[in-house]
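Participant: Quick one: this structure, given as structure tokens, is what I'll be asking you about.
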Amino acid sequence: AQSVSQHNHHVILSEAASLELGCNYSYGGTVNLFWYVQYPGQHLQLLLKYFSGDPLVKGIKGFEAEFIKSKFSFNLRKPSVQWSDTAEYFCAAPLGNRDDKIIFGKGTRLHILP
Amino acid sequence: ETGVTQSPTHLIKTRGQQVTLRCSSQSGHNTVSWYQQALGQGPQFIFQYYREEENGRGNFPPRFSGLQFPNYSSELNVNALELDDSALYLCASSRGGGTGELFFGEGSRLTVL
């Protein structure tokens with residue numbers, strides 16, 4: 001079965017700092033990976049996704065993630081964070097190949113200081 | 001706004017009772033997934049319904065059951081409630097086909113006393 005793990009549970013940064021949130025996956029088949037975000041008081045929503053092709057994936061609001069197969073990683077990055085990026089971030093993957101049954105990591109709570 | 005609506009938003013039950021949570025999926029979506037999110041944890045996959053049939057289940061006991069209706073709305077039923085069932089229950093709809101893009105509702109927060 002697919003699984004994902006997130007290294008950092010709580011991250012605090014100042015505005016304009018660079019961000020990298022770690023995610024590792026384990027799976028034996030075709031790899032599809034996602035990052036979801038939950039802003040305070042809002043519903044969970046898709047930030048970006050990787051299916052195949054270019055391992056550097058760009059998402060909304062300036063976020064990007066890099067799929068590194070040799071490291072089983074899919075880390076989320078942003079060069080310069082804003083206060084509005086304060087949210088909880090979840091790495092996710094399907095249970096099976098091309099599956100909408102998505103499993104989530106435990107999440108990283110990101111707090112940006114103004 | 002995702003178009004996925006859940007009800008009720010909050011409810012309090014006592015141990016041993018039964019609860020039904022409801023979800024209306026986004027227009028055009030035929031797949032509904034249910035998740036349990038405990039405090040400080042990521043969403044845990046309960047089960048998924050596709051065209052009114054259960055289409056996969058996570059590691060949850062049989063007292064967690066569900067339904068999907070012809071209009072693709074769905075219910076989650078939990079019998080014999082336990083204190084550990086206290087959590088935010090999330091419904092997500094999708095088009096199916098493995099896109100991985102889920103559209104979530106705001107959730108139903110269940111407290112079991």
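Letters for chains follow the order of the structure tokens (A, B, ...), residue numbers begin at 1 for each chain, and ligand numbers begin at 1 in the order shown.
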Could you pull the residues within 9 Å of Leu21 in chain B, counting only C-alpha atoms, minus those fewer than 2 positions along the same chain, as an NGL selection string?
Facilitator: :B and (6-8 or 19 or 23 or 74-78 or 89 or 108)
Participant: Give me the chain A side of the contact with chain B, cut-off 9 Å, one line per residue showing its nearest atom pair and distance in Å at one decimal, counting only C-alpha atoms, sorted by chain and residue number, as CSV.
Facilitator:
```
residue,atom,partner,partner_atom,distance
A:His9,CA,B:Gly40,CA,9.0
A:Asn32,CA,B:Gly100,CA,8.3
A:Leu33,CA,B:Gly100,CA,8.5
A:Phe34,CA,B:Gly100,CA,7.8
A:Gly41,CA,B:Glu106,CA,8.6
A:Gln42,CA,B:Glu106,CA,7.0
A:His43,CA,B:Glu106,CA,5.2
A:Leu44,CA,B:Phe104,CA,5.8
A:Gln45,CA,B:Phe103,CA,6.6
A:Leu46,CA,B:Glu101,CA,6.6
A:Lys49,CA,B:Gly100,CA,8.2
A:Phe51,CA,B:Thr99,CA,8.8
A:Phe90,CA,B:Gly42,CA,7.2
A:Ala93,CA,B:Gly100,CA,8.0
A:Pro94,CA,B:Gly100,CA,7.0
A:Asn97,CA,B:Gly98,CA,7.8
A:Arg98,CA,B:Gly98,CA,4.1
A:Asp99,CA,B:Gly98,CA,4.3
A:Asp100,CA,B:Gly100,CA,4.8
A:Lys101,CA,B:Gln48,CA,6.9
A:Ile102,CA,B:Gly100,CA,6.9
A:Ile103,CA,B:Phe45,CA,6.2
A:Phe104,CA,B:Gly42,CA,5.9
A:Gly105,CA,B:Gly42,CA,5.6
A:Lys106,CA,B:Gly42,CA,4.1
A:Gly107,CA,B:Gly42,CA,5.6
```
Participant: Give the helix (DSSP H, G or I) residues of chain A, as DSSP finds them on the backbone, and put them as a ChimeraX atom specification.
Facilitator: /A:60-62,69-71,83-85
Participant: Can you pull out the residues contacting Arg51 in chain B? Cut-off 8 Å, using only C-alpha atoms, and skip same-chain residues under 3 positions away; I want them as a VMD selection string.
Facilitator: chain B and resid 30 to 31 68 70 72
Participant: So that I can see what lies close to Ala17 in chain A, please list as a PyMOL selection string the residues with an atom at most 12 Å from it, counting only C-alpha atoms and leaving out residues fewer than 4 positions away in the same chain.
Facilitator: chain A and resi 11-13+77-83+85+111-114
Participant: Just the number, please: distance in Å from CA of Leu56 in chain A to CA of Glu15 in chain A, one decimal.
Facilitator: 23.8 Å
Participant: To test your reading of the structure, identify every residue in range 3-112 of chain A that backbone DSSP assigns to strand (DSSP E or B), and report it as a ChimeraX atom specification.
Facilitator: /A:3-6,10-14,19-21,23-26,33-38,45-50,56-58,64-68,73-78,87-94,102-104,108-112
Participant: Find the residue from A:Thr108, A:Asn24, A:Gln38, A:Asn8 that sits nearest to Asn75 in chain A; use only C-alpha atoms when measuring.
Facilitator: A:Asn24
